[in-house]
>>> print(open('run.cif').read())   # mmCIF, C-alpha atoms
data_model
loop_
_atom_site.label_atom_id
_atom_site.label_comp_id
_atom_site.auth_asym_id
_atom_site.auth_seq_id
_atom_site.Cartn_x
_atom_site.Cartn_y
_atom_site.Cartn_z
CA MET A 6 -1.48 -43.90 67.76
CA MET A 7 -3.88 -46.11 65.82
CA ARG A 8 -6.45 -43.32 65.69
CA PHE A 9 -3.82 -40.99 64.24
CA VAL A 10 -2.85 -43.54 61.59
CA ASN A 11 -6.51 -44.07 60.64
CA LYS A 12 -7.09 -40.34 60.44
CA MET A 13 -4.06 -39.82 58.23
CA GLY A 14 -5.21 -42.71 56.03
CA SER A 15 -8.60 -41.04 55.61
CA VAL A 16 -6.98 -37.72 54.74
CA LEU A 17 -4.74 -39.35 52.14
CA LEU A 18 -7.76 -41.15 50.68
CA TYR A 19 -9.61 -37.84 50.29
CA VAL A 20 -6.54 -36.26 48.69
CA LEU A 21 -6.25 -39.18 46.25
CA ALA A 22 -9.95 -38.94 45.40
CA ALA A 23 -9.71 -35.18 44.79
CA ALA A 24 -6.61 -35.61 42.62
CA LEU A 25 -8.31 -38.30 40.51
CA VAL A 26 -11.41 -36.16 40.04
CA VAL A 27 -9.35 -33.16 38.91
CA TYR A 28 -7.30 -35.39 36.61
CA SER A 29 -10.46 -36.94 35.15
CA VAL A 30 -11.89 -33.54 34.32
CA ALA A 31 -8.59 -32.43 32.79
CA LEU A 32 -8.60 -35.46 30.49
CA MET A 33 -11.79 -34.21 28.86
CA PHE A 34 -9.91 -31.14 27.61
CA THR A 35 -6.48 -32.59 26.86
CA SER A 36 -7.08 -35.93 25.12
CA ASN A 37 -9.49 -37.79 22.89
CA PHE A 38 -12.39 -39.63 24.50
CA ASN A 39 -11.43 -43.30 24.80
CA MET A 40 -11.57 -46.39 26.97
CA GLY A 41 -8.55 -45.29 29.00
CA ASN A 42 -10.24 -42.04 29.99
CA LEU A 43 -13.40 -43.92 30.89
CA MET A 44 -11.41 -46.26 33.13
CA VAL A 45 -9.83 -43.28 34.91
CA TRP A 46 -13.30 -41.81 35.48
CA ILE A 47 -14.52 -45.11 36.90
CA LEU A 48 -11.48 -45.32 39.17
CA ALA A 49 -12.03 -41.74 40.34
CA ALA A 50 -15.70 -42.49 41.07
CA ALA A 51 -14.83 -45.68 42.99
CA VAL A 52 -12.14 -44.01 45.12
CA THR A 53 -14.39 -41.02 45.79
CA CYS A 54 -17.29 -43.22 46.87
CA TYR A 55 -15.03 -45.21 49.18
CA ALA A 56 -13.59 -42.00 50.66
CA ILE A 57 -17.07 -40.67 51.42
CA TRP A 58 -18.57 -43.93 52.75
CA GLN A 59 -15.41 -45.62 53.97
CA LYS A 60 -16.70 -46.46 57.48
CA PRO A 61 -19.87 -48.34 56.44
CA LEU A 62 -18.07 -49.97 53.52
CA HIS A 63 -15.17 -51.02 55.73
CA ALA A 64 -17.60 -52.53 58.23
CA TRP A 65 -19.48 -54.36 55.45
CA PHE A 66 -16.26 -55.81 54.01
CA HIS A 67 -15.25 -57.16 57.43
CA THR A 68 -18.51 -58.29 59.05
CA SER A 69 -20.86 -59.42 56.29
CA GLY A 70 -20.40 -62.77 54.53
CA ALA A 71 -21.20 -61.20 51.18
CA GLY A 72 -18.93 -58.28 52.06
CA ARG A 73 -16.00 -60.57 52.79
CA ILE A 74 -16.49 -62.35 49.46
CA ALA A 75 -16.71 -59.03 47.64
CA GLY A 76 -13.62 -57.76 49.43
CA TRP A 77 -11.55 -60.80 48.47
CA LEU A 78 -12.77 -60.55 44.87
CA VAL A 79 -11.81 -56.88 44.71
CA LEU A 80 -8.39 -57.70 46.17
CA LEU A 81 -7.84 -60.59 43.74
CA VAL A 82 -8.86 -58.56 40.69
CA GLY A 83 -6.70 -55.67 41.88
CA ILE A 84 -3.63 -57.91 42.24
CA LEU A 85 -4.14 -59.54 38.84
CA TYR A 86 -4.67 -56.16 37.19
CA ALA A 87 -1.56 -54.75 38.87
CA LEU A 88 0.44 -57.70 37.52
CA LEU A 89 -0.87 -57.03 34.01
CA VAL A 90 0.07 -53.36 34.29
CA ALA A 91 3.56 -54.35 35.47
CA PHE A 92 3.93 -56.75 32.54
CA VAL A 93 2.80 -54.05 30.11
CA ALA A 94 5.34 -51.65 31.64
CA VAL A 95 8.37 -53.89 31.03
CA SER A 96 7.47 -56.08 28.05
CA GLY A 97 7.62 -53.27 25.50
CA TYR A 98 11.42 -53.26 25.66
CA SER A 99 11.93 -57.00 25.10
CA ASN A 100 12.26 -57.03 21.29
CA PRO A 101 14.59 -54.18 20.22
CA PRO A 102 15.47 -53.49 16.57
CA THR A 103 18.62 -54.95 15.06
CA GLY A 104 19.38 -52.06 12.73
CA GLN A 105 18.88 -54.33 9.69
CA GLU A 106 15.18 -53.59 9.24
CA LYS A 107 14.00 -52.60 5.74
CA VAL A 108 10.58 -51.24 6.69
CA VAL A 109 9.37 -49.04 9.55
CA ILE A 110 5.66 -49.27 10.40
CA VAL A 111 4.44 -46.43 12.58
CA LEU A 112 1.20 -47.40 14.32
CA GLY A 113 -1.46 -44.71 14.49
CA ALA A 114 -2.95 -43.06 17.56
CA GLY A 115 -5.30 -40.12 18.01
CA LEU A 116 -5.24 -36.80 16.22
CA ARG A 117 -6.27 -33.43 17.58
CA LYS A 118 -8.31 -32.28 14.58
CA ASP A 119 -5.65 -32.69 11.84
CA LYS A 120 -2.50 -32.76 13.98
CA PRO A 121 -0.90 -35.70 15.80
CA SER A 122 -1.70 -35.91 19.48
CA THR A 123 1.15 -35.72 21.98
CA LEU A 124 1.09 -39.51 22.32
CA LEU A 125 1.36 -39.93 18.57
CA ARG A 126 4.11 -37.33 18.26
CA TYR A 127 6.23 -39.41 20.63
CA ARG A 128 5.86 -42.34 18.21
CA LEU A 129 6.60 -40.20 15.18
CA ASP A 130 9.67 -38.59 16.72
CA LYS A 131 11.06 -42.04 17.56
CA ALA A 132 10.33 -43.25 14.01
CA TYR A 133 12.02 -40.15 12.59
CA GLU A 134 15.18 -40.82 14.60
CA TYR A 135 15.39 -44.36 13.24
CA ALA A 136 14.55 -43.41 9.64
CA ALA A 137 17.03 -40.53 9.64
CA ALA A 138 19.74 -42.92 10.78
CA HIS A 139 18.68 -45.52 8.17
CA PRO A 140 17.75 -43.47 5.07
CA ASP A 141 17.12 -46.54 2.91
CA VAL A 142 14.16 -47.82 4.94
CA LEU A 143 10.57 -47.55 3.76
CA VAL A 144 8.39 -45.80 6.34
CA ILE A 145 4.68 -46.69 6.44
CA THR A 146 2.45 -44.45 8.56
CA SER A 147 -0.64 -46.46 9.39
CA GLY A 148 -3.99 -45.27 10.70
CA GLY A 149 -7.52 -44.51 9.54
CA GLN A 150 -9.80 -41.57 10.27
CA GLY A 151 -11.86 -41.41 13.48
CA ARG A 152 -15.09 -39.49 13.95
CA ASP A 153 -13.34 -36.65 15.76
CA GLU A 154 -10.42 -36.44 13.32
CA TRP A 155 -10.31 -34.11 10.31
CA VAL A 156 -7.99 -36.27 8.19
CA PRO A 157 -6.80 -39.91 8.24
CA GLU A 158 -4.12 -40.55 10.85
CA GLY A 159 -1.76 -42.07 8.29
CA GLN A 160 -1.83 -38.90 6.19
CA ALA A 161 -1.30 -36.58 9.16
CA MET A 162 1.57 -38.78 10.34
CA ARG A 163 3.20 -38.73 6.90
CA ASP A 164 2.89 -34.93 6.73
CA TYR A 165 4.51 -34.64 10.17
CA LEU A 166 7.51 -36.78 9.23
CA ILE A 167 8.03 -34.96 5.94
CA ALA A 168 7.87 -31.61 7.75
CA LYS A 169 10.60 -32.88 10.08
CA GLY A 170 12.82 -33.63 7.10
CA LEU A 171 12.16 -37.13 5.73
CA ASP A 172 12.15 -37.57 1.95
CA PRO A 173 8.53 -37.73 0.69
CA GLU A 174 9.53 -40.69 -1.47
CA GLN A 175 10.52 -42.56 1.69
CA VAL A 176 7.17 -42.24 3.48
CA VAL A 177 3.90 -43.93 2.46
CA ALA A 178 0.58 -43.39 4.22
CA GLU A 179 -1.85 -46.22 4.93
CA ASN A 180 -5.17 -44.49 5.66
CA ALA A 181 -7.75 -47.27 6.00
CA SER A 182 -6.98 -49.24 9.17
CA THR A 183 -9.09 -48.92 12.31
CA SER A 184 -7.21 -51.30 14.64
CA THR A 185 -3.69 -52.56 15.29
CA GLU A 186 -4.54 -55.77 13.48
CA GLU A 187 -5.48 -53.82 10.36
CA ASN A 188 -2.40 -51.58 10.75
CA PHE A 189 -0.22 -54.60 10.06
CA ALA A 190 -2.47 -56.31 7.52
CA PHE A 191 -2.85 -53.19 5.37
CA SER A 192 0.80 -52.20 5.79
CA LEU A 193 1.79 -55.64 4.53
CA GLU A 194 -0.18 -54.95 1.35
CA ILE A 195 1.86 -51.78 0.82
CA MET A 196 5.08 -53.67 1.53
CA ARG A 197 4.26 -56.16 -1.21
CA GLN A 198 3.79 -53.30 -3.67
CA TYR A 199 7.42 -52.36 -2.96
CA GLY A 200 8.68 -55.91 -3.40
CA TYR A 201 8.81 -56.93 0.26
CA ASP A 202 7.11 -59.90 1.89
CA THR A 203 6.37 -61.42 5.30
CA SER A 204 10.01 -62.42 5.83
CA THR A 205 11.31 -58.87 5.38
CA PRO A 206 12.84 -57.44 8.57
CA VAL A 207 10.36 -54.89 9.91
CA VAL A 208 10.39 -52.61 12.93
CA TYR A 209 7.10 -51.24 14.22
CA VAL A 210 6.93 -48.07 16.31
CA SER A 211 4.49 -47.53 19.14
CA ASN A 212 4.55 -46.34 22.73
CA ALA A 213 6.25 -48.83 25.03
CA PHE A 214 3.05 -49.91 26.78
CA HIS A 215 1.57 -51.03 23.44
CA CYS A 216 4.57 -52.81 21.94
CA TYR A 217 3.98 -56.30 23.34
CA ARG A 218 0.40 -56.62 22.09
CA ALA A 219 1.37 -54.97 18.80
CA GLY A 220 3.98 -57.68 18.36
CA CYS A 221 1.30 -60.33 18.81
CA TYR A 222 -0.71 -58.78 15.99
CA ALA A 223 2.39 -58.47 13.81
CA ARG A 224 2.89 -62.22 14.11
CA MET A 225 -0.80 -62.79 13.37
CA ALA A 226 -0.34 -60.81 10.14
CA GLY A 227 2.48 -63.18 9.19
CA LEU A 228 5.43 -60.85 9.76
CA THR A 229 8.12 -63.27 10.89
CA ALA A 230 10.96 -60.79 11.40
CA ALA A 231 9.27 -57.94 13.27
CA THR A 232 11.00 -56.00 16.04
CA SER A 233 9.69 -53.12 18.14
CA LEU A 234 10.89 -49.58 18.68
CA PRO A 235 9.24 -48.32 21.89
CA ALA A 236 8.51 -44.63 22.32
CA ALA A 237 7.96 -42.95 25.66
CA THR A 238 4.53 -42.00 27.00
CA PRO A 239 3.63 -38.44 28.09
CA TRP A 240 3.24 -38.31 31.87
CA ARG A 241 -0.32 -37.01 31.67
CA SER A 242 -1.27 -40.07 29.58
CA VAL A 243 0.43 -42.78 31.66
CA LEU A 244 -2.54 -43.70 33.87
CA PRO A 245 -5.24 -44.01 31.16
CA CYS A 246 -2.87 -45.67 28.69
CA TYR A 247 -1.60 -48.32 31.08
CA LEU A 248 -5.04 -49.02 32.55
CA ARG A 249 -6.48 -49.41 29.06
CA GLU A 250 -3.60 -51.50 27.74
CA ALA A 251 -3.80 -53.93 30.66
CA LEU A 252 -7.48 -54.44 29.87
CA ALA A 253 -6.73 -54.77 26.14
CA LEU A 254 -4.04 -57.36 26.86
CA ALA A 255 -6.42 -59.40 29.02
CA TYR A 256 -8.99 -59.14 26.23
CA TYR A 257 -6.43 -60.31 23.66
CA LEU A 258 -5.42 -63.29 25.79
CA VAL A 259 -9.07 -64.42 25.81
CA PHE A 260 -10.27 -63.50 22.31
CA LYS A 261 -6.99 -63.22 20.32
CA THR A 262 -8.34 -60.11 18.60
CA SER A 263 -9.33 -56.51 19.17
CA ALA A 264 -11.75 -56.31 16.23
CA SER A 265 -14.57 -58.53 17.52
CA GLY A 266 -16.17 -59.84 20.69
CA PRO A 267 -18.09 -58.00 23.44
CA MET A 268 -15.52 -55.24 23.95
CA HIS A 269 -15.77 -54.24 20.30
CA ALA A 270 -19.38 -53.17 20.89
CA MET A 271 -18.23 -51.02 23.84
CA VAL A 272 -15.53 -49.40 21.70
CA GLY A 273 -18.19 -48.59 19.10
CA PHE A 274 -20.38 -47.04 21.79
CA LEU A 275 -17.50 -44.87 22.98
CA ASP A 276 -16.77 -43.83 19.41
CA LEU A 277 -20.36 -42.66 18.95
CA ASN A 278 -20.13 -40.62 22.14
CA LYS A 279 -17.17 -38.71 20.76
CA ARG A 280 -19.73 -36.61 18.92
CA PHE A 281 -21.00 -35.39 22.28
CA PHE A 282 -17.63 -34.82 23.98
CA TYR A 283 -15.70 -33.57 20.97
CA LYS A 284 -17.35 -31.35 18.39
#
>>> encode(input="run.cif", output="C-alpha cells")
Amino acid sequence: MMRFVNKMGSVLLYVLAAALVVYSVALMFTSNFNMGNLMVWILAAAVTCYAIWQKPLHAWFHTSGAGRIAGWLVLLVGILYALLVAFVAVSGYSNPPTGQEKVVIVLGAGLRKDKPSTLLRYRLDKAYEYAAAHPDVLVITSGGQGRDEWVPEGQAMRDYLIAKGLDPEQVVAENASTSTEENFAFSLEIMRQYGYDTSTPVVYVSNAFHCYRAGCYARMAGLTAATSLPAATPWRSVLPCYLREALALAYYLVFKTSASGPMHAMVGFLDLNKRFFYK
C-alpha cells in the first residue's frame, strides 16, 4: 500500500511539474514580462528538479544534517509565504467604498502595445461601473509608459473608459507615474487642480490582490479618506499575480516603499530584459 501511495505521489509530482512548465511557456506569449512570471518560472524549475531527483533529494533532506536544516528552512519559508498569499487574497475586500467618494483613481497595469491588458481591463471595467453609477465623480487614470508599451498607460486607460461611454470631461489621464506610490502622489496633484485635497473621499481601483498594499501607499500620500474598489483577477494571471504580490507585500513591510532598495534594482533588470522578450 505504501509503495502505491509513493508511486502515485511521484506521478502527481511529474504532472504538476509538466503543468507548471507548460504554464510558464504560455506566460511568455500571453502577458508582459514581470516579476510574477519570473517567480512562476522559478517555481516550475524547482518542482521539475525535485520531480526528477526526488529520491536523492528526499534522502538528503532526511539523513544529512545540512539537509535537515535546509528542509526545515524550506518548510518555514513555504508556510510564511502561504500565509502572505492568504492575507493578500482576503485583505483586498476589507475597505469597500461608501458611495460618497468624489474621485476615482484607477491604478495602472500593463498594456499590450497600446491596449489595456486583460488584468487592466478588469480594473477599468470595475471603475466604469462605479463612475457610471456616480456621474459626478472625477476619474483619474494613472500610469506611465513602460519600455514595451506604445503609449502611456494613463492615456490608454482614459481612451478605454471614454470608448465605453464616460464623458471625456469626467476622465483625466496621469501619464508620468512608474509605481503605485507615484500613482497616488501624481494623482493628488491633479486632484488639487480640481479643488480637492487630501481629505477628499477617494476610491482607488485595482485588482483585489493589490488593494491592501495600494491602500498603504494611499495613506503615505496623505489621502485620509481613501477606500478601495477591488476588481477580479483573470484566472490565467492568478498564480503570478499572487506570488508577486506576496513578495511585494513582504518587501513593503521591510522597506516601506517599492521605489528603492535592493528589489528596485531587480525590477530595473527585468525591465531591461523586456527588450529581449517583447519586441
>>> resolve_selection(input="run.cif", expression="the PyMOL selection byres ((chain A and resi 44) around 12)", output="ChimeraX atom specification")
/A:25,29,32,38-43,45-51,244-253,275
>>> resolve_selection(input="run.cif", expression="the PyMOL selection byres ((chain A and resi 166) around 12)", output="CSV table (one decimal) with C-alpha atoms, keeping the file's coordinate frame")
chain,number,residue,atom,x,y,z
A,111,VAL,CA,4.4,-46.4,12.6
A,120,LYS,CA,-2.5,-32.8,14.0
A,121,PRO,CA,-0.9,-35.7,15.8
A,125,LEU,CA,1.4,-39.9,18.6
A,126,ARG,CA,4.1,-37.3,18.3
A,127,TYR,CA,6.2,-39.4,20.6
A,128,ARG,CA,5.9,-42.3,18.2
A,129,LEU,CA,6.6,-40.2,15.2
A,130,ASP,CA,9.7,-38.6,16.7
A,131,LYS,CA,11.1,-42.0,17.6
A,132,ALA,CA,10.3,-43.2,14.0
A,133,TYR,CA,12.0,-40.2,12.6
A,134,GLU,CA,15.2,-40.8,14.6
A,135,TYR,CA,15.4,-44.4,13.2
A,136,ALA,CA,14.6,-43.4,9.6
A,137,ALA,CA,17.0,-40.5,9.6
A,144,VAL,CA,8.4,-45.8,6.3
A,145,ILE,CA,4.7,-46.7,6.4
A,146,THR,CA,2.4,-44.4,8.6
A,159,GLY,CA,-1.8,-42.1,8.3
A,160,GLN,CA,-1.8,-38.9,6.2
A,161,ALA,CA,-1.3,-36.6,9.2
A,162,MET,CA,1.6,-38.8,10.3
A,163,ARG,CA,3.2,-38.7,6.9
A,164,ASP,CA,2.9,-34.9,6.7
A,165,TYR,CA,4.5,-34.6,10.2
A,167,ILE,CA,8.0,-35.0,5.9
A,168,ALA,CA,7.9,-31.6,7.8
A,169,LYS,CA,10.6,-32.9,10.1
A,170,GLY,CA,12.8,-33.6,7.1
A,171,LEU,CA,12.2,-37.1,5.7
A,172,ASP,CA,12.2,-37.6,2.0
A,173,PRO,CA,8.5,-37.7,0.7
A,174,GLU,CA,9.5,-40.7,-1.5
A,175,GLN,CA,10.5,-42.6,1.7
A,176,VAL,CA,7.2,-42.2,3.5
A,177,VAL,CA,3.9,-43.9,2.5
A,178,ALA,CA,0.6,-43.4,4.2
>>> atom_distance(input="run.cif", atom1="atom CA of Met225 of chain A", atom2="atom CA of Met196 of chain A")
16.1 Å
>>> closest_residue(input="run.cif", among="A:Leu17, A:Ala71, A:Trp77, A:Val108", to="Thr53 of chain A", atoms="all atoms listed in the file")
A:Leu17
>>> residues_around(input="run.cif", residues="Ser182 of chain A", least_positions_apart="4", cutoff="8 Å", atoms="only C-alpha atoms", output="ChimeraX atom specification")
/A:147-149,187-188,191
>>> resolve_selection(input="run.cif", expression="the PyMOL selection byres ((chain A and resi 93) around 9)", output="short mmCIF file (atom, residue, chain, number, x, y, z; two decimals) with C-alpha atoms, in the frame of the given file")
data_model
loop_
_atom_site.label_atom_id
_atom_site.label_comp_id
_atom_site.auth_asym_id
_atom_site.auth_seq_id
_atom_site.Cartn_x
_atom_site.Cartn_y
_atom_site.Cartn_z
CA LEU A 88 0.44 -57.70 37.52
CA LEU A 89 -0.87 -57.03 34.01
CA VAL A 90 0.07 -53.36 34.29
CA ALA A 91 3.56 -54.35 35.47
CA PHE A 92 3.93 -56.75 32.54
CA ALA A 94 5.34 -51.65 31.64
CA VAL A 95 8.37 -53.89 31.03
CA SER A 96 7.47 -56.08 28.05
CA GLY A 97 7.62 -53.27 25.50
CA ALA A 213 6.25 -48.83 25.03
CA PHE A 214 3.05 -49.91 26.78
CA HIS A 215 1.57 -51.03 23.44
CA CYS A 216 4.57 -52.81 21.94
CA TYR A 217 3.98 -56.30 23.34
CA ARG A 218 0.40 -56.62 22.09
CA TYR A 247 -1.60 -48.32 31.08
CA GLU A 250 -3.60 -51.50 27.74
CA ALA A 251 -3.80 -53.93 30.66
CA LEU A 254 -4.04 -57.36 26.86
#
>>> atom_distance(input="run.cif", atom1="atom CA of Asp202 of chain A", atom2="atom CA of Ala226 of chain A")
11.2 Å
>>> atom_distance(input="run.cif", atom1="atom CA of Tyr98 of chain A", atom2="atom CA of Gly220 of chain A")
11.3 Å
>>> closest_residue(input="run.cif", among="A:Arg152, A:Lys261, A:Arg241, A:Arg73", to="Glu186 of chain A", atoms="all atoms listed in the file")
A:Lys261
>>> residues_near_point(input="run.cif", point="(5.5, -46.5, 17.3)", cutoff="6 Å", atoms="all atoms listed in the file", output="number ranges by chain")
A: 111-112, 128, 209-212
>>> residues_around(input="run.cif", residues="Thr103 of chain A", least_positions_apart="4", cutoff="12 Å", atoms="all atoms listed in the file", output="PyMOL selection string")
chain A and resi 107+135+139+206-208+230-234
>>> residues_around(input="run.cif", residues="Gly115 of chain A", least_positions_apart="4", cutoff="8 Å", atoms="only C-alpha atoms", output="PyMOL selection string")
chain A and resi 37+121-122+124-125+154+158
>>> axis_aligned_box(input="run.cif", around="segment 205-214 of chain A", padding_each_side="3 Å", output="JSON")
{"center_x": 7.9, "center_y": -52.6, "center_z": 16.1, "size_x": 15.8, "size_y": 18.5, "size_z": 27.4}
>>> closest_residue(input="run.cif", among="A:Cys54, A:Leu143, A:Val20, A:Ala114", to="Tyr201 of chain A", atoms="only C-alpha atoms")
A:Leu143
>>> closest_residue(input="run.cif", among="A:Thr205, A:Asp119, A:Pro239, A:Gly113", to="Thr183 of chain A", atoms="all atoms listed in the file")
A:Gly113
>>> closest_residue(input="run.cif", among="A:Leu21, A:Val243, A:Ile84, A:Ser15", to="His63 of chain A", atoms="only C-alpha atoms")
A:Ser15
>>> decode(input="run.cif", residues="segment 30-45 of chain A", atoms="N, CA, C and O atoms", output="PDB file, in the first residue's frame")
ATOM      1  N   VAL A  30       5.670  28.595 -20.107  1.00  0.00           N
ATOM      2  CA  VAL A  30       5.889  28.924 -21.516  1.00  0.00           C
ATOM      3  C   VAL A  30       4.730  29.773 -22.038  1.00  0.00           C
ATOM      4  O   VAL A  30       4.938  30.758 -22.768  1.00  0.00           O
ATOM      5  N   ALA A  31       3.507  29.414 -21.651  1.00  0.00           N
ATOM      6  CA  ALA A  31       2.341  30.167 -22.120  1.00  0.00           C
ATOM      7  C   ALA A  31       2.393  31.616 -21.661  1.00  0.00           C
ATOM      8  O   ALA A  31       1.955  32.521 -22.389  1.00  0.00           O
ATOM      9  N   LEU A  32       2.937  31.860 -20.464  1.00  0.00           N
ATOM     10  CA  LEU A  32       3.014  33.226 -19.950  1.00  0.00           C
ATOM     11  C   LEU A  32       3.859  34.127 -20.844  1.00  0.00           C
ATOM     12  O   LEU A  32       3.635  35.336 -20.910  1.00  0.00           O
ATOM     13  N   MET A  33       4.846  33.553 -21.504  1.00  0.00           N
ATOM     14  CA  MET A  33       5.706  34.351 -22.378  1.00  0.00           C
ATOM     15  C   MET A  33       4.926  34.938 -23.552  1.00  0.00           C
ATOM     16  O   MET A  33       5.314  35.968 -24.106  1.00  0.00           O
ATOM     17  N   PHE A  34       3.816  34.303 -23.919  1.00  0.00           N
ATOM     18  CA  PHE A  34       3.057  34.742 -25.087  1.00  0.00           C
ATOM     19  C   PHE A  34       1.753  35.450 -24.728  1.00  0.00           C
ATOM     20  O   PHE A  34       1.099  36.019 -25.600  1.00  0.00           O
ATOM     21  N   THR A  35       1.375  35.409 -23.445  1.00  0.00           N
ATOM     22  CA  THR A  35       0.073  35.959 -23.077  1.00  0.00           C
ATOM     23  C   THR A  35       0.141  37.125 -22.103  1.00  0.00           C
ATOM     24  O   THR A  35      -0.889  37.735 -21.812  1.00  0.00           O
ATOM     25  N   SER A  36       1.324  37.447 -21.577  1.00  0.00           N
ATOM     26  CA  SER A  36       1.411  38.544 -20.613  1.00  0.00           C
ATOM     27  C   SER A  36       2.766  39.216 -20.714  1.00  0.00           C
ATOM     28  O   SER A  36       3.715  38.652 -21.276  1.00  0.00           O
ATOM     29  N   ASN A  37       2.849  40.412 -20.144  1.00  0.00           N
ATOM     30  CA  ASN A  37       4.105  41.139 -20.125  1.00  0.00           C
ATOM     31  C   ASN A  37       5.110  40.447 -19.216  1.00  0.00           C
ATOM     32  O   ASN A  37       4.760  39.784 -18.245  1.00  0.00           O
ATOM     33  N   PHE A  38       6.379  40.627 -19.526  1.00  0.00           N
ATOM     34  CA  PHE A  38       7.453  40.036 -18.718  1.00  0.00           C
ATOM     35  C   PHE A  38       7.570  40.807 -17.410  1.00  0.00           C
ATOM     36  O   PHE A  38       7.755  42.015 -17.411  1.00  0.00           O
ATOM     37  N   ASN A  39       7.432  40.109 -16.280  1.00  0.00           N
ATOM     38  CA  ASN A  39       7.468  40.795 -14.990  1.00  0.00           C
ATOM     39  C   ASN A  39       7.934  39.847 -13.901  1.00  0.00           C
ATOM     40  O   ASN A  39       8.202  38.672 -14.142  1.00  0.00           O
ATOM     41  N   MET A  40       7.998  40.362 -12.684  1.00  0.00           N
ATOM     42  CA  MET A  40       8.482  39.576 -11.556  1.00  0.00           C
ATOM     43  C   MET A  40       7.588  38.371 -11.287  1.00  0.00           C
ATOM     44  O   MET A  40       8.075  37.301 -10.913  1.00  0.00           O
ATOM     45  N   GLY A  41       6.282  38.523 -11.463  1.00  0.00           N
ATOM     46  CA  GLY A  41       5.379  37.402 -11.242  1.00  0.00           C
ATOM     47  C   GLY A  41       5.677  36.241 -12.174  1.00  0.00           C
ATOM     48  O   GLY A  41       5.700  35.081 -11.763  1.00  0.00           O
ATOM     49  N   ASN A  42       5.892  36.546 -13.460  1.00  0.00           N
ATOM     50  CA  ASN A  42       6.239  35.495 -14.413  1.00  0.00           C
ATOM     51  C   ASN A  42       7.549  34.827 -14.037  1.00  0.00           C
ATOM     52  O   ASN A  42       7.689  33.602 -14.118  1.00  0.00           O
ATOM     53  N   LEU A  43       8.522  35.627 -13.630  1.00  0.00           N
ATOM     54  CA  LEU A  43       9.815  35.070 -13.230  1.00  0.00           C
ATOM     55  C   LEU A  43       9.647  34.119 -12.050  1.00  0.00           C
ATOM     56  O   LEU A  43      10.273  33.048 -12.000  1.00  0.00           O
ATOM     57  N   MET A  44       8.793  34.476 -11.097  1.00  0.00           N
ATOM     58  CA  MET A  44       8.581  33.624  -9.937  1.00  0.00           C
ATOM     59  C   MET A  44       7.913  32.305 -10.336  1.00  0.00           C
ATOM     60  O   MET A  44       8.214  31.244  -9.771  1.00  0.00           O
ATOM     61  N   VAL A  45       6.997  32.362 -11.305  1.00  0.00           N
ATOM     62  CA  VAL A  45       6.382  31.131 -11.795  1.00  0.00           C
ATOM     63  C   VAL A  45       7.431  30.251 -12.462  1.00  0.00           C
ATOM     64  O   VAL A  45       7.448  29.023 -12.274  1.00  0.00           O
TER      65      VAL A  45
END
